[in-house]
file input-v6.cif (mmCIF, C-alpha atoms)
data_entry
#
loop_
_atom_site.group_PDB
_atom_site.id
_atom_site.type_symbol
_atom_site.label_atom_id
_atom_site.label_comp_id
_atom_site.auth_asym_id
_atom_site.auth_seq_id
_atom_site.Cartn_x
_atom_site.Cartn_y
_atom_site.Cartn_z
ATOM 1 C CA MET A 436 -8.668 -115.793 -169.986
ATOM 2 C CA LYS A 437 -6.667 -118.488 -168.229
ATOM 3 C CA SER A 438 -4.727 -115.817 -166.409
ATOM 4 C CA LEU A 439 -7.987 -114.283 -165.211
ATOM 5 C CA LYS A 440 -9.044 -117.611 -163.738
ATOM 6 C CA TRP A 441 -5.740 -117.845 -161.943
ATOM 7 C CA LEU A 442 -6.086 -114.298 -160.735
ATOM 8 C CA SER A 443 -9.502 -114.946 -159.203
ATOM 9 C CA ALA A 444 -8.260 -118.185 -157.644
ATOM 10 C CA ALA A 445 -5.307 -116.356 -156.128
ATOM 11 C CA LEU A 446 -7.574 -113.599 -154.836
ATOM 12 C CA LEU A 447 -9.868 -116.161 -153.216
ATOM 13 C CA LEU A 448 -6.931 -117.882 -151.560
ATOM 14 C CA TRP A 449 -5.590 -114.562 -150.310
ATOM 15 C CA SER A 450 -8.935 -113.471 -148.893
ATOM 16 C CA SER A 451 -9.354 -116.762 -147.050
ATOM 17 C CA LEU A 452 -5.836 -116.369 -145.647
ATOM 18 C CA VAL A 453 -6.605 -112.869 -144.405
ATOM 19 C CA PHE A 454 -9.773 -114.202 -142.727
ATOM 20 C CA ALA A 455 -7.780 -116.998 -141.140
ATOM 21 C CA GLN A 456 -5.432 -114.616 -139.325
ATOM 22 C CA GLY A 457 -7.729 -114.511 -136.333
ATOM 23 C CA ASN A 458 -5.051 -114.610 -133.698
ATOM 24 C CA LEU A 459 -3.707 -111.895 -131.448
ATOM 25 C CA ASP A 460 0.031 -111.725 -131.057
ATOM 26 C CA ILE A 461 0.941 -112.222 -127.394
ATOM 27 C CA SER A 462 4.596 -113.100 -127.859
ATOM 28 C CA SER A 463 6.303 -109.730 -127.441
ATOM 29 C CA PRO A 464 9.129 -109.576 -124.867
ATOM 30 C CA ALA A 465 7.192 -107.024 -122.812
ATOM 31 C CA ILE A 466 4.199 -109.379 -122.600
ATOM 32 C CA SER A 467 6.441 -112.279 -121.519
ATOM 33 C CA THR A 468 8.026 -110.144 -118.808
ATOM 34 C CA LEU A 469 4.620 -109.049 -117.498
ATOM 35 C CA LYS A 470 3.341 -112.628 -117.526
ATOM 36 C CA ARG A 471 6.323 -113.828 -115.503
ATOM 37 C CA SER A 472 5.946 -111.020 -113.001
ATOM 38 C CA MET A 473 2.233 -111.793 -112.543
ATOM 39 C CA GLN A 474 2.943 -115.502 -112.321
ATOM 40 C CA GLU A 475 5.386 -114.950 -109.439
ATOM 41 C CA ARG A 476 2.997 -112.604 -107.650
ATOM 42 C CA HIS A 477 0.158 -115.084 -107.979
ATOM 43 C CA THR A 478 1.628 -117.389 -105.312
ATOM 44 C CA GLN A 479 1.163 -114.509 -102.842
ATOM 45 C CA LEU A 480 -2.187 -113.378 -104.212
ATOM 46 C CA ALA A 481 -3.858 -116.818 -104.321
ATOM 47 C CA PRO A 482 -4.364 -117.072 -100.522
ATOM 48 C CA LEU A 483 -5.855 -113.568 -100.568
ATOM 49 C CA TYR A 484 -8.324 -114.585 -103.296
ATOM 50 C CA GLU A 485 -9.258 -117.640 -101.262
ATOM 51 C CA SER A 486 -9.810 -115.761 -98.005
ATOM 52 C CA GLY A 487 -11.933 -113.191 -99.853
ATOM 53 C CA ALA A 488 -9.607 -110.383 -98.843
ATOM 54 C CA VAL A 489 -8.953 -109.634 -102.507
ATOM 55 C CA GLY A 490 -11.491 -109.914 -105.319
ATOM 56 C CA LEU A 491 -11.474 -109.665 -109.111
ATOM 57 C CA THR A 492 -12.990 -106.426 -110.370
ATOM 58 C CA ALA A 493 -15.346 -106.043 -113.321
ATOM 59 C CA GLU A 494 -12.667 -103.893 -114.992
ATOM 60 C CA GLY A 495 -10.078 -106.643 -115.248
ATOM 61 C CA GLY A 496 -8.163 -105.701 -112.120
ATOM 62 C CA VAL A 497 -8.031 -106.755 -108.471
ATOM 63 C CA THR A 498 -8.971 -104.893 -105.314
ATOM 64 C CA VAL A 499 -8.973 -105.298 -101.551
ATOM 65 C CA ARG A 500 -12.627 -106.080 -100.826
ATOM 66 C CA ASP A 501 -12.347 -107.248 -97.202
ATOM 67 C CA ALA A 502 -9.317 -105.917 -95.384
ATOM 68 C CA SER A 503 -10.478 -107.517 -92.126
ATOM 69 C CA ALA A 504 -9.661 -110.929 -93.654
ATOM 70 C CA VAL A 505 -5.978 -109.947 -93.558
ATOM 71 C CA PRO A 506 -4.047 -109.681 -90.261
ATOM 72 C CA LEU A 507 -3.338 -106.032 -89.501
ATOM 73 C CA ALA A 508 0.413 -106.486 -89.883
ATOM 74 C CA GLN A 509 -0.008 -107.811 -93.440
ATOM 75 C CA ARG A 510 -2.513 -105.294 -94.745
ATOM 76 C CA ALA A 511 0.065 -102.929 -96.194
ATOM 77 C CA GLN A 512 1.690 -105.817 -98.022
ATOM 78 C CA ALA A 513 -1.664 -106.954 -99.411
ATOM 79 C CA ALA A 514 -2.384 -103.438 -100.633
ATOM 80 C CA ALA A 515 1.042 -103.295 -102.283
ATOM 81 C CA LEU A 516 0.420 -106.637 -104.003
ATOM 82 C CA VAL A 517 -2.915 -105.385 -105.315
ATOM 83 C CA ALA A 518 -1.364 -102.158 -106.609
ATOM 84 C CA ALA A 519 1.487 -104.012 -108.304
ATOM 85 C CA GLU A 520 -0.903 -106.527 -109.863
ATOM 86 C CA ASN A 521 -3.126 -103.763 -111.228
ATOM 87 C CA ALA A 522 -0.110 -101.969 -112.675
ATOM 88 C CA ASP A 523 1.018 -105.162 -114.429
ATOM 89 C CA ARG A 524 -2.469 -105.950 -115.710
ATOM 90 C CA GLY A 525 -2.900 -102.427 -117.074
ATOM 91 C CA ALA A 526 0.468 -102.651 -118.783
ATOM 92 C CA LEU A 527 -0.444 -106.096 -120.165
ATOM 93 C CA TYR A 528 -3.679 -104.877 -121.749
ATOM 94 C CA ARG A 529 -1.922 -101.842 -123.205
ATOM 95 C CA GLU A 530 0.943 -103.931 -124.523
ATOM 96 C CA ILE A 531 -1.299 -106.556 -126.183
ATOM 97 C CA ALA A 532 -3.176 -103.780 -128.008
ATOM 98 C CA ARG A 533 0.080 -102.086 -129.000
ATOM 99 C CA ALA A 534 1.814 -105.320 -130.067
ATOM 100 C CA ASN A 535 -1.057 -105.945 -132.483
ATOM 101 C CA GLY A 536 -0.841 -102.512 -134.022
ATOM 102 C CA HIS A 537 -4.048 -101.202 -132.423
ATOM 103 C CA PRO A 538 -3.404 -99.197 -129.237
ATOM 104 C CA GLU A 539 -7.073 -98.201 -129.362
ATOM 105 C CA TRP A 540 -8.017 -101.818 -128.576
ATOM 106 C CA GLU A 541 -6.722 -101.463 -124.999
ATOM 107 C CA ALA A 542 -10.186 -101.037 -123.454
ATOM 108 C CA ASP A 543 -11.537 -103.979 -125.477
ATOM 109 C CA VAL A 544 -8.618 -106.147 -124.388
ATOM 110 C CA ARG A 545 -9.238 -105.116 -120.770
ATOM 111 C CA MET A 546 -12.944 -105.999 -120.937
ATOM 112 C CA THR A 547 -12.190 -109.333 -122.624
ATOM 113 C CA PHE A 548 -9.724 -110.184 -119.867
ATOM 114 C CA ALA A 549 -12.168 -109.066 -117.174
ATOM 115 C CA GLY A 550 -14.679 -111.597 -118.486
ATOM 116 C CA ARG A 551 -12.128 -114.380 -118.746
ATOM 117 C CA TRP A 552 -10.568 -113.782 -115.289
ATOM 118 C CA ALA A 553 -14.079 -113.913 -113.760
ATOM 119 C CA GLU A 554 -15.084 -116.964 -115.767
ATOM 120 C CA ARG A 555 -11.963 -118.868 -114.796
ATOM 121 C CA ALA A 556 -11.764 -117.809 -111.145
ATOM 122 C CA ARG A 557 -11.505 -120.781 -108.796
ATOM 123 C CA PRO A 558 -14.446 -121.775 -106.591
ATOM 124 C CA GLY A 559 -14.452 -119.662 -103.444
ATOM 125 C CA TRP A 560 -12.899 -116.601 -105.079
ATOM 126 C CA TRP A 561 -14.810 -113.321 -105.169
ATOM 127 C CA ILE A 562 -15.708 -111.600 -108.416
ATOM 128 C CA GLN A 563 -17.450 -108.314 -109.076
ATOM 129 C CA GLN A 564 -20.556 -108.632 -111.228
ATOM 130 C CA GLY A 565 -22.854 -105.727 -112.030
ATOM 131 C CA GLY A 566 -21.589 -103.775 -109.028
ATOM 132 C CA ASN A 567 -22.047 -106.672 -106.585
ATOM 133 C CA TRP A 568 -19.535 -109.095 -105.135
ATOM 134 C CA VAL A 569 -20.261 -112.715 -105.925
ATOM 135 C CA ARG A 570 -18.502 -115.729 -104.456
ATOM 136 C CA LYS A 571 -17.812 -118.379 -107.060
ATOM 137 C CA MET W 98 -15.166 -112.452 -170.431
ATOM 138 C CA PRO W 99 -17.587 -115.357 -169.646
ATOM 139 C CA LEU W 100 -20.052 -114.748 -166.846
ATOM 140 C CA PRO W 101 -18.714 -117.426 -164.428
ATOM 141 C CA VAL W 102 -15.221 -115.948 -164.548
ATOM 142 C CA ARG W 103 -16.509 -112.441 -164.031
ATOM 143 C CA THR W 104 -18.681 -113.577 -161.099
ATOM 144 C CA GLY W 105 -15.784 -115.474 -159.551
ATOM 145 C CA LEU W 106 -13.526 -112.462 -159.876
ATOM 146 C CA ALA W 107 -16.127 -110.176 -158.321
ATOM 147 C CA ILE W 108 -16.692 -112.540 -155.371
ATOM 148 C CA ALA W 109 -12.961 -112.839 -154.802
ATOM 149 C CA VAL W 110 -12.452 -109.082 -154.762
ATOM 150 C CA ILE W 111 -15.437 -108.499 -152.444
ATOM 151 C CA LEU W 112 -14.276 -111.196 -150.030
ATOM 152 C CA GLY W 113 -10.733 -109.846 -150.042
ATOM 153 C CA VAL W 114 -11.817 -106.299 -149.326
ATOM 154 C CA ALA W 115 -14.259 -107.450 -146.628
ATOM 155 C CA ALA W 116 -11.496 -109.484 -145.015
ATOM 156 C CA CYS W 117 -9.175 -106.489 -144.889
ATOM 157 C CA VAL W 118 -11.847 -104.289 -143.364
ATOM 158 C CA THR W 119 -12.681 -106.992 -140.809
ATOM 159 C CA ILE W 120 -9.082 -107.414 -139.737
ATOM 160 C CA ASN W 121 -8.147 -103.751 -139.673
ATOM 161 C CA ILE W 122 -11.084 -102.099 -137.976
ATOM 162 C CA TYR W 123 -13.006 -104.483 -135.754
ATOM 163 C CA PHE W 124 -11.676 -105.832 -132.482
ATOM 164 C CA PRO W 125 -11.214 -109.618 -132.884
ATOM 165 C CA ALA W 126 -13.176 -110.639 -129.784
ATOM 166 C CA ALA W 127 -12.839 -114.407 -130.255
ATOM 167 C CA ALA W 128 -9.095 -114.171 -130.832
ATOM 168 C CA ALA W 129 -8.760 -111.922 -127.788
ATOM 169 C CA GLU W 130 -10.594 -114.452 -125.604
ATOM 170 C CA LYS W 131 -8.269 -117.176 -126.828
ATOM 171 C CA ALA W 132 -5.239 -115.014 -126.082
ATOM 172 C CA ALA W 133 -6.618 -114.085 -122.658
ATOM 173 C CA ASP W 134 -7.197 -117.739 -121.762
ATOM 174 C CA LYS W 135 -3.652 -118.607 -122.769
ATOM 175 C CA ILE W 136 -2.192 -115.863 -120.594
ATOM 176 C CA ILE W 137 -4.519 -116.638 -117.661
ATOM 177 C CA ASP W 138 -3.489 -120.302 -117.872
ATOM 178 C CA GLU W 139 0.134 -119.308 -117.537
ATOM 179 C CA VAL W 140 -0.352 -116.719 -114.814
ATOM 180 C CA TRP W 141 -2.610 -118.970 -112.732
ATOM 181 C CA GLN W 142 -0.521 -122.032 -113.653
ATOM 182 C CA ALA W 143 -3.427 -124.076 -114.956
ATOM 183 C CA SER W 144 -1.361 -125.753 -117.660
ATOM 184 C CA PRO W 145 0.943 -128.191 -115.846
ATOM 185 C CA PRO W 146 2.083 -130.169 -118.947
ATOM 186 C CA GLU W 147 3.673 -127.109 -120.540
ATOM 187 C CA LYS W 148 5.161 -126.060 -117.204
ATOM 188 C CA LYS W 149 6.739 -129.472 -116.717
ATOM 189 C CA GLU W 150 8.350 -129.319 -120.134
ATOM 190 C CA ASP W 151 9.715 -125.882 -119.342
ATOM 191 C CA ALA W 152 11.054 -127.034 -116.009
ATOM 192 C CA ALA W 153 12.672 -130.083 -117.597
ATOM 193 C CA ALA W 154 14.290 -127.906 -120.262
ATOM 194 C CA ASN W 155 15.588 -125.506 -117.614
ATOM 195 C CA ARG W 156 17.029 -128.309 -115.539
ATOM 196 C CA GLY W 157 18.695 -129.714 -118.653
ATOM 197 C CA GLY W 158 20.254 -126.334 -119.334
ATOM 198 C CA GLU W 159 21.634 -125.998 -115.842
ATOM 199 C CA ARG W 160 23.405 -129.317 -115.822
#
call {"tool": "encode", "arguments": {"input": "input-v6.cif", "output": "structure tokens"}}
result
Amino acid sequence: MKSLKWLSAALLLWSSLVFAQGNLDISSPAISTLKRSMQERHTQLAPLYESGAVGLTAEGGVTVRDASAVPLAQRAQAAALVAAENADRGALYREIARANGHPEWEADVRMTFAGRWAERARPGWWIQQGGNWVRK
Amino acid sequence: MPLPVRTGLAIAVILGVAACVTINIYFPAAAAEKAADKIIDEVWQASPPEKKEDAAANRGGER
């Protein structure tokens, strides 16, 4: 009888522990590499966000929304930055899902990030909301 | 087996199973938001205290 009490206590403890594991693992080497790469690129992207040349998409990426805000000579570079950033972001979402044992979560991770990027965008940056561009 | 023990055991098992199902099938939206914020902080450099510590550690290593 005593052992049964202990068993139920142990089960309760275990179930509460399982519930408590509400964290996503974002410490894999691939994630760190992607973060660093995006961090370095951000110094070049920030002025483009501010000028409105580049905006944050509703799908968790970035896009050139007003090429005329970039001098002609720098447009190719801006487009390359956007492409590289989108590649890194896509890889980041995929890697977070994979690192947590659920590759099928990739789309959910992407949509979560899309919301957080938009929410945390600095004043003056452009974000895509419901198909429209909005200036924060 | 007395009723309280049996009830306790049943609750424990149900909670345990529910917890497993929760963790294994459903996307943990709150945890994902937390993770996203952490990464966004780092990428957009909105967490200067941590950065400073890192920089100090790096400088220490170079000396």
call {"tool": "interface_residues", "arguments": {"input": "input-v6.cif", "of": "chain W", "to": "chain A", "cutoff": "7 Å", "atoms": "only C-alpha atoms", "output": "VMD selection string"}}
result
chain W and resid 102 105 to 106 109 to 110 112 to 113 116 to 117 124 to 125 128 to 130 132 to 134 140 to 141
call {"tool": "resolve_selection", "arguments": {"input": "input-v6.cif", "expression": "the PyMOL selection byres ((chain A and resi 503-509) around 7)", "output": "ChimeraX atom specification"}}
result
/A:486-488,501-502,510-513
call {"tool": "resolve_selection", "arguments": {"input": "input-v6.cif", "expression": "the PyMOL selection byres ((chain A and resi 516) around 10)", "output": "PDB file with C-alpha atoms, in the coordinates of the input"}}
result
ATOM      1  CA  ARG A 476       2.997-112.604-107.650  1.00  0.00           C
ATOM      2  CA  HIS A 477       0.158-115.084-107.979  1.00  0.00           C
ATOM      3  CA  GLN A 479       1.163-114.509-102.842  1.00  0.00           C
ATOM      4  CA  LEU A 480      -2.187-113.378-104.212  1.00  0.00           C
ATOM      5  CA  LEU A 483      -5.855-113.568-100.568  1.00  0.00           C
ATOM      6  CA  VAL A 489      -8.953-109.634-102.507  1.00  0.00           C
ATOM      7  CA  VAL A 497      -8.031-106.755-108.471  1.00  0.00           C
ATOM      8  CA  THR A 498      -8.971-104.893-105.314  1.00  0.00           C
ATOM      9  CA  VAL A 499      -8.973-105.298-101.551  1.00  0.00           C
ATOM     10  CA  ARG A 510      -2.513-105.294 -94.745  1.00  0.00           C
ATOM     11  CA  ALA A 511       0.065-102.929 -96.194  1.00  0.00           C
ATOM     12  CA  GLN A 512       1.690-105.817 -98.022  1.00  0.00           C
ATOM     13  CA  ALA A 513      -1.664-106.954 -99.411  1.00  0.00           C
ATOM     14  CA  ALA A 514      -2.384-103.438-100.633  1.00  0.00           C
ATOM     15  CA  ALA A 515       1.042-103.295-102.283  1.00  0.00           C
ATOM     16  CA  VAL A 517      -2.915-105.385-105.315  1.00  0.00           C
ATOM     17  CA  ALA A 518      -1.364-102.158-106.609  1.00  0.00           C
ATOM     18  CA  ALA A 519       1.487-104.012-108.304  1.00  0.00           C
ATOM     19  CA  GLU A 520      -0.903-106.527-109.863  1.00  0.00           C
ATOM     20  CA  ASN A 521      -3.126-103.763-111.228  1.00  0.00           C
ATOM     21  CA  ALA A 522      -0.110-101.969-112.675  1.00  0.00           C
TER      22      ALA A 522
END
call {"tool": "atom_distance", "arguments": {"input": "input-v6.cif", "atom1": "atom CA of W:Ala115", "atom2": "atom CA of W:Lys131"}}
result
22.9 Å
call {"tool": "resolve_selection", "arguments": {"input": "input-v6.cif", "expression": "the PyMOL selection byres ((chain A and resi 561) around 6)", "output": "VMD selection string"}}
result
chain A and resid 490 560 562 569 to 570
call {"tool": "closest_residue", "arguments": {"input": "input-v6.cif", "among": "A:Lys571, A:Pro558, A:Gly566, A:Arg524", "to": "A:Ala493", "atoms": "all atoms listed in the file"}}
result
A:Gly566
call {"tool": "closest_residue", "arguments": {"input": "input-v6.cif", "among": "A:Asp523, A:Asn535, A:Arg529, A:Trp568", "to": "A:Thr468", "atoms": "all atoms listed in the file"}}
result
A:Asp523
call {"tool": "atom_distance", "arguments": {"input": "input-v6.cif", "atom1": "atom CA of A:Ala526", "atom2": "atom CA of A:Ala553"}}
result
19.1 Å
call {"tool": "atom_distance", "arguments": {"input": "input-v6.cif", "atom1": "atom CA of A:Pro482", "atom2": "atom CA of A:Gly496"}}
result
16.7 Å
call {"tool": "closest_residue", "arguments": {"input": "input-v6.cif", "among": "A:Glu530, A:Glu485, A:Glu494, A:Ser462", "to": "A:Gly565", "atoms": "only C-alpha atoms"}}
result
A:Glu494
